[in-house]
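Below is model_5.txt, holding compact mmCIF, C-alpha atoms (C1' of nucleotides).
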# COMPACT_ATOMS: atom_id res chain seq x y z
CA MET R 1 106.80 185.94 69.47
CA VAL R 2 104.99 187.99 72.03
CA ASN R 3 107.98 190.01 73.09
CA ASP R 4 109.38 191.18 69.81
CA PRO R 5 110.42 194.74 70.43
CA ALA R 6 107.86 196.70 68.45
CA PRO R 7 109.14 197.78 65.05
CA THR R 8 110.12 201.42 64.80
CA GLU R 9 107.12 202.57 62.79
CA GLU R 10 104.77 201.17 65.39
CA ARG R 11 106.71 202.61 68.31
CA ILE R 12 106.45 206.01 66.68
CA LEU R 13 102.71 205.66 66.21
CA GLU R 14 102.23 204.64 69.83
CA ALA R 15 104.33 207.56 71.03
CA ALA R 16 102.38 209.90 68.77
CA LYS R 17 99.07 208.71 70.21
CA LYS R 18 100.28 209.40 73.70
CA VAL R 19 101.50 212.90 72.92
CA PHE R 20 98.67 213.98 70.60
CA HIS R 21 96.04 212.65 72.97
CA ALA R 22 97.54 214.55 75.86
CA ARG R 23 98.41 217.81 74.12
CA GLY R 24 96.27 218.08 71.01
CA TYR R 25 97.57 218.88 67.56
CA ALA R 26 98.97 222.35 68.18
CA GLY R 27 100.38 221.51 71.60
CA ALA R 28 102.17 218.36 70.50
CA ARG R 29 105.90 218.55 69.73
CA MET R 30 107.60 216.30 67.23
CA GLN R 31 110.58 216.26 69.57
CA GLU R 32 108.51 214.90 72.42
CA ILE R 33 107.09 212.17 70.20
CA ALA R 34 110.60 211.21 69.10
CA ASP R 35 111.84 211.10 72.70
CA GLU R 36 108.84 209.06 73.73
CA ALA R 37 109.54 206.57 70.94
CA GLY R 38 113.25 206.56 71.67
CA VAL R 39 114.25 207.66 68.18
CA ASN R 40 115.39 210.78 66.39
CA LYS R 41 113.08 213.48 65.10
CA ALA R 42 114.16 212.86 61.52
CA LEU R 43 112.79 209.34 61.68
CA LEU R 44 109.29 210.65 62.24
CA HIS R 45 109.52 212.32 58.87
CA TYR R 46 110.95 209.20 57.30
CA TYR R 47 107.94 207.09 58.29
CA TYR R 48 105.25 209.75 58.33
CA ARG R 49 105.80 212.55 55.87
CA ASN R 50 104.99 215.37 58.27
CA LYS R 51 103.20 216.24 61.50
CA GLU R 52 99.86 216.48 59.77
CA SER R 53 99.89 212.97 58.36
CA LEU R 54 101.16 211.49 61.62
CA PHE R 55 98.27 213.21 63.35
CA HIS R 56 95.89 211.85 60.78
CA ALA R 57 96.98 208.29 61.55
CA VAL R 58 96.45 208.92 65.26
CA PHE R 59 93.00 210.38 64.72
CA GLU R 60 91.87 207.56 62.49
CA ASP R 61 92.90 205.03 65.11
CA ALA R 62 91.11 206.87 67.91
CA PHE R 63 87.95 207.48 65.93
CA SER R 64 87.60 203.90 64.80
CA LYS R 65 88.22 202.59 68.31
CA LEU R 66 85.26 204.64 69.49
CA LEU R 67 83.02 203.48 66.66
CA VAL R 68 83.81 199.82 66.30
CA LYS R 69 82.44 198.62 69.63
CA MET R 70 79.43 200.86 69.36
CA LYS R 71 78.45 199.22 66.09
CA GLU R 72 79.12 195.75 67.41
CA ILE R 73 76.76 196.24 70.33
CA PHE R 74 73.97 198.06 68.56
CA PHE R 75 73.96 195.69 65.59
CA SER R 76 73.68 192.58 67.74
CA ASP R 77 70.29 190.90 67.96
CA ARG R 78 69.66 191.60 71.63
CA PRO R 79 66.61 193.47 72.93
CA LEU R 80 67.13 197.22 73.18
CA THR R 81 67.17 197.25 76.97
CA GLU R 82 70.02 194.75 76.98
CA LYS R 83 71.91 196.75 74.40
CA VAL R 84 71.68 199.84 76.57
CA GLU R 85 73.07 197.95 79.53
CA GLN R 86 75.84 196.37 77.49
CA PHE R 87 76.77 199.60 75.81
CA VAL R 88 77.00 201.67 78.96
CA GLN R 89 78.98 199.02 80.80
CA TYR R 90 81.43 198.59 77.99
CA TYR R 91 81.78 202.26 77.12
CA VAL R 92 82.20 203.69 80.59
CA THR R 93 84.95 201.18 81.27
CA PHE R 94 86.68 201.55 77.94
CA ILE R 95 86.59 205.32 77.93
CA SER R 96 87.68 205.75 81.52
CA ASN R 97 90.66 203.55 80.65
CA ASN R 98 91.31 205.69 77.57
CA SER R 99 90.14 208.97 78.91
CA TYR R 100 91.92 211.13 76.35
CA LEU R 101 90.20 209.54 73.37
CA PRO R 102 86.80 211.25 73.26
CA LEU R 103 88.03 214.74 73.99
CA PHE R 104 90.79 214.28 71.46
CA VAL R 105 88.31 213.27 68.79
CA LEU R 106 85.92 216.10 69.63
CA ASN R 107 88.69 218.68 69.51
CA SER R 108 90.00 217.35 66.24
CA LEU R 109 86.57 217.63 64.69
CA TYR R 110 86.22 221.21 65.93
CA GLU R 111 89.61 222.32 64.74
CA ARG R 112 89.91 220.56 61.40
CA PRO R 113 86.58 219.23 60.18
CA GLU R 114 87.64 219.37 56.53
CA GLN R 115 90.53 217.06 57.39
CA PHE R 116 88.21 214.21 58.14
CA ARG R 117 85.42 214.49 55.62
CA ALA R 118 86.68 211.45 53.73
CA LEU R 119 87.16 209.39 56.85
CA LEU R 120 83.75 210.31 58.17
CA GLU R 121 82.08 209.54 54.90
CA ARG R 122 83.57 206.07 54.94
CA ASN R 123 82.04 205.57 58.38
CA THR R 124 78.87 207.56 57.97
CA LEU R 125 76.50 204.75 57.12
CA SER R 126 76.86 202.93 60.39
CA PRO R 127 75.79 205.51 62.98
CA LEU R 128 72.84 206.39 60.82
CA SER R 129 71.81 202.78 60.73
CA ILE R 130 72.44 202.45 64.46
CA LEU R 131 69.79 205.10 64.78
CA GLU R 132 67.50 203.18 62.45
CA THR R 133 68.00 200.03 64.52
CA ILE R 134 67.05 201.89 67.67
CA ARG R 135 64.03 203.37 65.99
CA GLN R 136 62.72 199.95 65.04
CA GLN R 137 63.33 198.42 68.43
CA VAL R 138 61.72 201.33 70.28
CA LYS R 139 58.65 200.76 68.14
CA SER R 140 58.48 196.99 68.06
CA GLU R 141 59.67 196.15 71.58
CA LEU R 142 58.65 199.10 73.68
CA ASN R 143 56.06 200.98 71.68
CA LEU R 144 56.98 204.23 73.40
CA ASP R 145 56.54 207.84 72.48
CA ILE R 146 60.21 208.76 72.55
CA ASP R 147 62.31 210.16 69.74
CA PRO R 148 65.06 207.62 69.01
CA LEU R 149 67.61 210.33 68.20
CA HIS R 150 67.10 211.94 71.59
CA LEU R 151 67.34 208.54 73.25
CA TYR R 152 70.53 207.71 71.38
CA ILE R 153 72.17 211.03 72.24
CA ASN R 154 71.06 210.65 75.86
CA ILE R 155 72.76 207.27 76.08
CA LEU R 156 75.96 208.68 74.63
CA SER R 157 75.83 211.74 76.89
CA LEU R 158 75.41 209.76 80.08
CA SER R 159 78.21 207.39 79.13
CA ILE R 160 80.78 209.79 77.74
CA PHE R 161 80.42 213.17 79.43
CA PRO R 162 81.24 212.15 83.00
CA VAL R 163 84.53 210.74 81.78
CA ILE R 164 85.62 213.73 79.73
CA ALA R 165 84.63 215.97 82.63
CA LYS R 166 86.98 214.04 84.89
CA PRO R 167 89.37 216.90 85.70
CA MET R 168 86.46 219.18 86.42
CA ILE R 169 84.75 216.73 88.76
CA GLN R 170 88.05 215.97 90.38
CA ASN R 171 88.87 219.60 90.99
CA ILE R 172 85.42 220.66 92.11
CA PHE R 173 84.77 217.78 94.46
CA GLY R 174 88.38 217.13 95.37
CA TYR R 175 88.10 213.48 94.36
CA SER R 176 91.16 211.28 94.13
CA ASP R 177 91.73 209.01 91.14
CA GLU R 178 90.52 206.03 93.15
CA HIS R 179 87.37 207.90 94.19
CA LEU R 180 86.64 208.71 90.57
CA ASP R 181 87.25 205.16 89.42
CA ALA R 182 84.79 203.94 92.03
CA PHE R 183 82.31 206.52 90.81
CA TYR R 184 82.65 205.28 87.22
CA ALA R 185 82.27 201.70 88.39
CA GLU R 186 78.99 202.68 90.03
CA ARG R 187 77.82 204.32 86.85
CA ARG R 188 78.06 201.04 84.99
CA HIS R 189 74.82 200.09 86.72
CA THR R 190 73.27 203.39 87.84
CA VAL R 191 73.17 204.72 84.27
CA PRO R 192 71.36 201.79 82.66
CA GLN R 193 68.98 201.87 85.61
CA PHE R 194 68.39 205.57 85.08
CA ILE R 195 67.71 205.12 81.37
CA LEU R 196 65.44 202.12 81.81
CA ASN R 197 63.54 203.93 84.53
CA ALA R 198 63.06 206.84 82.16
CA LEU R 199 61.76 204.51 79.46
CA LYS R 200 59.29 203.04 81.92
CA GLY R 201 58.09 206.56 82.59
CA TYR R 202 57.26 207.09 78.91
CA GLY R 203 55.07 204.04 78.97
CA ILE R 204 52.97 205.38 81.80
CA HIS R 205 52.78 208.99 80.84
CA GLN R 206 52.50 210.20 77.25
CA SER R 207 54.60 213.21 76.26
CA LYS R 208 52.67 216.40 76.85
CA MET N 1 76.37 255.91 76.21
CA VAL N 2 75.50 252.59 74.67
CA ASN N 3 77.71 252.98 71.65
CA ASP N 4 80.96 254.06 73.17
CA PRO N 5 83.59 252.25 71.20
CA ALA N 6 84.91 249.69 73.67
CA PRO N 7 88.15 250.74 75.33
CA THR N 8 91.24 249.02 74.03
CA GLU N 9 91.79 246.69 76.95
CA GLU N 10 88.28 245.34 76.62
CA ARG N 11 88.52 244.95 72.86
CA ILE N 12 91.66 242.90 73.39
CA LEU N 13 89.97 240.68 75.93
CA GLU N 14 87.01 240.09 73.63
CA ALA N 15 89.31 239.24 70.75
CA ALA N 16 91.30 236.92 72.98
CA LYS N 17 88.14 235.07 74.02
CA LYS N 18 87.22 234.52 70.41
CA VAL N 19 90.62 233.19 69.42
CA PHE N 20 91.38 231.11 72.53
CA HIS N 21 87.91 229.58 72.50
CA ALA N 22 88.28 228.57 68.89
CA ARG N 23 91.90 227.42 68.89
CA GLY N 24 92.86 226.59 72.47
CA TYR N 25 95.96 227.85 74.21
CA ALA N 26 98.63 226.28 72.02
CA GLY N 27 96.77 226.94 68.79
CA ALA N 28 96.05 230.60 69.47
CA ARG N 29 98.31 233.25 67.92
CA MET N 30 98.94 236.60 69.53
CA GLN N 31 98.96 238.07 66.02
CA GLU N 32 95.46 236.79 65.33
CA ILE N 33 94.21 238.25 68.59
CA ALA N 34 95.78 241.60 67.75
CA ASP N 35 94.22 241.59 64.28
CA GLU N 36 90.86 240.62 65.69
CA ALA N 37 91.06 243.52 68.16
CA GLY N 38 92.33 245.92 65.51
CA VAL N 39 95.50 246.78 67.39
CA ASN N 40 99.16 245.96 67.31
CA LYS N 41 100.72 242.87 68.86
CA ALA N 42 102.80 244.94 71.24
CA LEU N 43 99.67 246.33 72.84
CA LEU N 44 98.66 242.89 74.01
CA HIS N 45 101.80 242.82 76.09
CA TYR N 46 101.20 246.32 77.34
CA TYR N 47 97.80 245.41 78.83
CA TYR N 48 98.37 241.74 79.59
CA ARG N 49 101.93 240.89 80.45
CA ASN N 50 102.15 237.79 78.29
CA LYS N 51 100.13 235.12 76.52
CA GLU N 52 99.75 233.10 79.68
CA SER N 53 98.12 235.85 81.72
CA LEU N 54 95.87 236.87 78.85
CA PHE N 55 94.74 233.28 78.64
CA HIS N 56 94.15 233.22 82.35
CA ALA N 57 91.78 236.16 82.10
CA VAL N 58 89.88 234.41 79.32
CA PHE N 59 89.60 231.19 81.26
CA GLU N 60 88.39 232.91 84.40
CA ASP N 61 85.66 234.63 82.43
CA ALA N 62 84.53 231.41 80.76
CA PHE N 63 84.58 229.37 83.91
CA SER N 64 82.60 231.85 85.95
CA LYS N 65 80.03 232.23 83.18
CA LEU N 66 79.38 228.51 83.35
CA LEU N 67 79.12 228.52 87.14
CA VAL N 68 77.18 231.63 87.94
CA LYS N 69 73.86 230.65 86.40
CA MET N 70 74.16 227.13 87.72
CA LYS N 71 74.41 228.45 91.26
CA GLU N 72 71.60 230.90 90.74
CA ILE N 73 69.21 228.18 89.65
CA PHE N 74 70.15 225.51 92.14
CA PHE N 75 70.17 227.89 95.08
CA SER N 76 66.69 229.24 94.38
CA ASP N 77 63.85 227.99 96.54
CA ARG N 78 61.99 226.11 93.82
CA PRO N 79 61.13 222.40 94.02
CA LEU N 80 63.79 220.14 92.54
CA THR N 81 61.70 219.17 89.54
CA GLU N 82 61.33 222.81 88.59
CA LYS N 83 65.01 223.43 89.04
CA VAL N 84 65.80 220.62 86.65
CA GLU N 85 63.50 222.06 84.04
CA GLN N 86 64.83 225.58 84.53
CA PHE N 87 68.43 224.47 84.48
CA VAL N 88 68.19 222.39 81.31
CA GLN N 89 66.27 225.06 79.47
CA TYR N 90 68.69 227.77 80.42
CA TYR N 91 71.85 225.75 79.95
CA VAL N 92 71.06 224.16 76.60
CA THR N 93 70.24 227.57 75.19
CA PHE N 94 73.17 229.37 76.74
CA ILE N 95 75.73 226.75 75.80
CA SER N 96 74.50 226.29 72.27
CA ASN N 97 74.86 230.05 71.85
CA ASN N 98 78.35 229.85 73.34
CA SER N 99 79.32 226.46 72.10
CA TYR N 100 83.05 226.89 72.56
CA LEU N 101 82.84 227.56 76.28
CA PRO N 102 82.49 224.11 77.81
CA LEU N 103 85.06 222.40 75.62
CA PHE N 104 87.45 225.27 76.17
CA VAL N 105 87.11 224.95 79.94
CA LEU N 106 87.48 221.18 79.86
CA ASN N 107 90.57 221.36 77.72
CA SER N 108 92.13 224.01 79.89
CA LEU N 109 91.61 221.87 82.95
CA TYR N 110 93.18 218.90 81.22
CA GLU N 111 96.18 220.79 79.95
CA ARG N 112 97.00 223.02 82.87
CA PRO N 113 95.25 221.94 86.06
CA GLU N 114 97.88 223.52 88.28
CA GLN N 115 97.16 226.84 86.60
CA PHE N 116 93.71 227.00 88.08
CA ARG N 117 94.01 225.57 91.52
CA ALA N 118 93.57 228.99 93.12
CA LEU N 119 90.62 229.91 90.94
CA LEU N 120 88.93 226.60 91.56
CA GLU N 121 89.46 226.83 95.26
CA ARG N 122 87.76 230.19 95.32
CA ASN N 123 84.76 228.60 93.60
CA THR N 124 84.89 225.18 95.16
CA LEU N 125 82.35 225.65 97.90
CA SER N 126 79.43 226.30 95.63
CA PRO N 127 79.24 223.15 93.51
CA LEU N 128 79.69 221.09 96.64
CA SER N 129 76.79 222.86 98.25
CA ILE N 130 74.74 222.55 95.07
CA LEU N 131 75.16 218.84 95.59
CA GLU N 132 74.08 219.18 99.21
CA THR N 133 70.99 221.12 98.13
CA ILE N 134 70.06 218.38 95.68
CA ARG N 135 70.62 215.73 98.31
CA GLN N 136 68.20 217.41 100.70
CA GLN N 137 65.53 217.98 98.08
CA VAL N 138 65.74 214.42 96.78
CA LYS N 139 65.13 213.26 100.33
CA SER N 140 62.49 215.73 101.47
CA GLU N 141 60.50 216.20 98.26
CA LEU N 142 60.88 212.94 96.40
CA ASN N 143 62.10 210.41 98.92
CA LEU N 144 63.77 208.38 96.19
CA ASP N 145 66.56 205.85 96.22
CA ILE N 146 68.84 207.75 93.87
CA ASP N 147 72.37 208.97 94.56
CA PRO N 148 72.31 212.79 94.27
CA LEU N 149 75.80 212.90 92.75
CA HIS N 150 74.77 210.58 89.95
CA LEU N 151 71.63 212.60 89.41
CA TYR N 152 73.59 215.85 89.31
CA ILE N 153 76.14 214.48 86.85
CA ASN N 154 73.33 213.04 84.72
CA ILE N 155 71.68 216.44 84.49
CA LEU N 156 74.94 218.06 83.45
CA SER N 157 75.73 215.30 80.96
CA LEU N 158 72.39 215.51 79.20
CA SER N 159 72.58 219.29 79.01
CA ILE N 160 76.19 219.80 78.02
CA PHE N 161 77.40 216.81 76.02
CA PRO N 162 75.08 217.13 73.01
CA VAL N 163 76.32 220.67 72.50
CA ILE N 164 80.02 219.92 72.70
CA ALA N 165 79.49 216.95 70.41
CA LYS N 166 77.97 219.28 67.82
CA PRO N 167 80.59 218.77 65.09
CA MET N 168 80.42 215.03 65.56
CA ILE N 169 76.63 214.91 65.32
CA GLN N 170 76.73 217.27 62.40
CA ASN N 171 79.25 215.21 60.48
CA ILE N 172 77.76 211.83 61.28
CA PHE N 173 74.16 212.71 60.55
CA GLY N 174 74.86 215.37 57.99
CA TYR N 175 72.81 217.93 59.89
CA SER N 176 72.86 221.59 58.93
CA ASP N 177 73.22 224.32 61.55
CA GLU N 178 69.47 224.95 61.43
CA HIS N 179 68.74 221.26 61.90
CA LEU N 180 70.98 221.18 64.95
CA ASP N 181 69.47 224.30 66.42
CA ALA N 182 66.04 222.76 66.08
CA PHE N 183 67.34 219.62 67.76
CA TYR N 184 68.65 221.65 70.70
CA ALA N 185 65.37 223.50 70.93
CA GLU N 186 63.59 220.16 71.23
CA ARG N 187 65.97 219.07 73.96
CA ARG N 188 64.87 221.94 76.14
CA HIS N 189 61.75 219.94 76.85
CA THR N 190 62.68 216.34 75.99
CA VAL N 191 65.54 216.30 78.48
CA PRO N 192 63.58 217.48 81.54
CA GLN N 193 60.87 215.01 80.53
CA PHE N 194 63.44 212.23 80.31
CA ILE N 195 64.90 213.06 83.72
CA LEU N 196 61.54 213.40 85.44
CA ASN N 197 60.37 210.16 83.89
CA ALA N 198 63.47 208.48 85.25
CA LEU N 199 62.78 209.87 88.71
CA LYS N 200 59.26 208.55 88.55
CA GLY N 201 60.74 205.16 87.74
CA TYR N 202 62.77 205.18 90.96
CA GLY N 203 59.62 205.70 92.92
CA ILE N 204 57.99 202.64 91.47
CA HIS N 205 60.91 200.33 91.41
CA GLN N 206 63.61 200.22 94.08
CA SER N 207 67.20 199.90 92.93
CA LYS N 208 68.18 196.27 92.61
C1' DG Z 1 98.84 254.51 74.90
C1' DT Z 2 100.10 253.03 70.47
C1' DC Z 3 103.16 252.06 66.94
C1' DT Z 4 107.53 249.96 64.20
C1' DA Z 5 111.46 247.39 64.43
C1' DT Z 6 114.00 243.80 66.18
C1' DA Z 7 115.86 240.29 69.36
C1' DT Z 8 115.50 235.57 70.45
C1' DC Z 9 114.07 231.11 70.45
C1' DG Z 10 111.70 226.93 69.29
C1' DG Z 11 109.79 223.87 66.15
C1' DG Z 12 108.95 221.49 61.65
C1' DA Z 13 111.34 219.95 58.00
C1' DT Z 14 115.37 218.52 54.99
C1' DA Z 15 120.28 217.24 53.52
C1' DG Z 16 123.44 214.09 53.66
C1' DA Z 17 126.71 210.88 56.12
C1' DC Z 18 126.83 206.26 57.78
C1' DG S 1 116.85 202.70 58.38
C1' DT S 2 118.89 205.75 61.50
C1' DC S 3 121.62 209.46 62.83
C1' DT S 4 123.72 214.60 63.14
C1' DA S 5 123.64 219.02 61.54
C1' DT S 6 121.29 222.67 59.69
C1' DC S 7 117.83 225.49 57.40
C1' DC S 8 114.18 228.63 57.96
C1' DC S 9 110.07 230.30 59.33
C1' DG S 10 106.90 231.80 62.69
C1' DA S 11 105.85 233.13 67.27
C1' DT S 12 106.50 235.46 71.83
C1' DA S 13 108.41 239.15 73.71
C1' DT S 14 110.94 243.66 74.24
C1' DA S 15 113.13 248.29 72.98
C1' DG S 16 112.32 252.52 71.91
C1' DA S 17 110.28 256.29 68.91
C1' DC S 18 106.19 259.10 68.66

Show me this structure written as structure tokens.
Amino acid sequence: MVNDPAPTEERILEAAKKVFHARGYAGARMQEIADEAGVNKALLHYYYRNKESLFHAVFEDAFSKLLVKMKEIFFSDRPLTEKVEQFVQYYVTFISNNSYLPLFVLNSLYERPEQFRALLERNTLSPLSILETIRQQVKSELNLDIDPLHLYINILSLSIFPVIAKPMIQNIFGYSDEHLDAFYAERRHTVPQFILNALKGYGIHQSK
Amino acid sequence: MVNDPAPTEERILEAAKKVFHARGYAGARMQEIADEAGVNKALLHYYYRNKESLFHAVFEDAFSKLLVKMKEIFFSDRPLTEKVEQFVQYYVTFISNNSYLPLFVLNSLYERPEQFRALLERNTLSPLSILETIRQQVKSELNLDIDPLHLYINILSLSIFPVIAKPMIQNIFGYSDEHLDAFYAERRHTVPQFILNALKGYGIHQSK
DNA sequence: GTCTATATCGGGATAGAC
DNA sequence: GTCTATCCCGATATAGAC
């Protein structure tokens, strides 16, 4: 049934996501996670051995959420220009609805890279081959003098950074949440336009 | 003299920067800061009342470092295209040499926005007027159909994100530190080229 | 101004009853 | 599986000698 109350283990994981995403590893409190899940602290240790392994589950979930759609889009058989449009539209929306995810992942990788070697190695092949896919399409479809790695990182930057910089933009420009959401909605088309315009520029003018 | 041993208060602040930048507020330990500064824990409280106010000093320093050069460049009387080039070149270099700064500032704003209201208000005017400067130059020099806020955020995204994503890029592509540094060095010219190419594209093709 | 010693508290983890 | 009670360490902060 749709409305089964979530089983305890799952409720704990959901609560842990919320708290870890908002506070990071060191800032998160097992007590707060327990309260959020509506259970006792001891239960967290029953299901997840300790804070570290609970965190690990949360990170794995976040990281794969960020990767899975990226792969799906870039491994489709659309032309590169369509992929760019699709990717930006999907990612800006998804991330602004889950605005803690990317910063959480970045911080985790800074603070505990060793922790995730195994996980990353399991996933390593795909981003590399995303890059290879882009390389081929740049050559075959566009025939432009642009480094595919720079292009790839540019696409990610333009999609992700404005969302993780949300509190900064909000504070500096005094934007309300609604303002910001409208801004992100605009970006779903201004960013692909910006990128495709740039690509056009490479066609006309070779790199110096 | 150049080689005066730094006075205690300053040594503490420097140590605090190092530790807070690397570990964030919750992850930082007063003991580690004391060790790093070569003094006793109690001295931290003598100079800075508590952890919170020490952190505040560190944040203020980081935040202003990120703003001051931005203002300097955007308030000069160069043409916009030159400003873009100057800004990217300066910022990519500066940030990759101080790679903890931007993430530290972003995290601080997420975790404790109320903490910095006053500080932000003191600085608020400038980024707004940076935006106004860009708006005028887009109109008078380029006469393009591009929203200056989007352009501004794009410039920041392309300059800052690749640096804060360093551990992710490094893990995913297996890049060494030297590899990455070379990549950032390339970006000092590929990014301005990308942006200027995009601007050229707006001239040719009106927004749909 | 700088140190040692200590108070105090909070948080992760475990024992054990139900 | 879930709870209460408790252990125990580590961390901020302060007292007070030098």

Practice prompt. Give as a list in words every residue of chain Z that touches chain N within 12 Å, counting all atoms listed in the file.
Written response: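 Residues of chain Z within 12 Å of chain N, counting all atoms listed in the file: DG1, DT2, DC3, DT4 and DA5 of chain Z.
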
Discussion item. So that I can see what lies close to Glu9 in chain R, please list as a PyMOL selection string the residues with an atom at most 12 Å from it, counting all atoms listed in the file and leaving out residues fewer than 4 positions away in the same chain.
Written reply: (chain R and resi 5+13-16+34+37-39+43-48+54+57) or (chain S and resi 1)

For the contact check between range 29-83 of chain N and range 8-17 of chain S, emit one row per residue of range 29-83 of chain N within 9 Å, containing the shortest atom pair and the distance in Å rounded to one decimal, counting all atoms listed in the file, chain then rising number order, as a Markdown table.
| residue | atom | partner | partner_atom | distance |
| --- | --- | --- | --- | --- |
| N:Arg29 | CA | S:DA11 | C1' | 7.6 |
| N:Met30 | CA | S:DT12 | C1' | 8.0 |
| N:Gln31 | CA | S:DA11 | C1' | 8.6 |
| N:Ala42 | CA | S:DA13 | C1' | 8.4 |
| N:His45 | CA | S:DA13 | C1' | 7.9 |
| N:Asn50 | CA | S:DA13 | C1' | 7.9 |
| N:Lys51 | CA | S:DT12 | C1' | 7.9 |

Practice prompt. For chain N, list the residues within 6 Å of chain R, counting only C-alpha atoms, and write the list as a PyMOL selection string.
Written response: chain N and resi 26-27+124+157-158+161+172+194+197-198+201

Discussion item. Between CA of Ser76 in chain N and CA of Leu144 in chain N, what distance in Å does the model show, to one decimal?
Written reply: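 These atoms are spaced 21.1 Å apart.
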
Practice prompt. Work out how far CA of Leu101 in chain N is from CA of Ala182 in chain N, in Å to one decimal.
Written response: 20.2 Å

Practice prompt. Could you check how far CA of Arg188 in chain N sits from CA of Thr93 in chain N, in Å to one decimal?
Written response: 7.8 Å

Practice prompt. Using only C-alpha atoms (C1' of nucleotides), determine which residues of chain S fall within 12 Å of chain R; present them as a list in words.
Written response: DG1, DT2, DC3, DT4 and DA5 of chain S
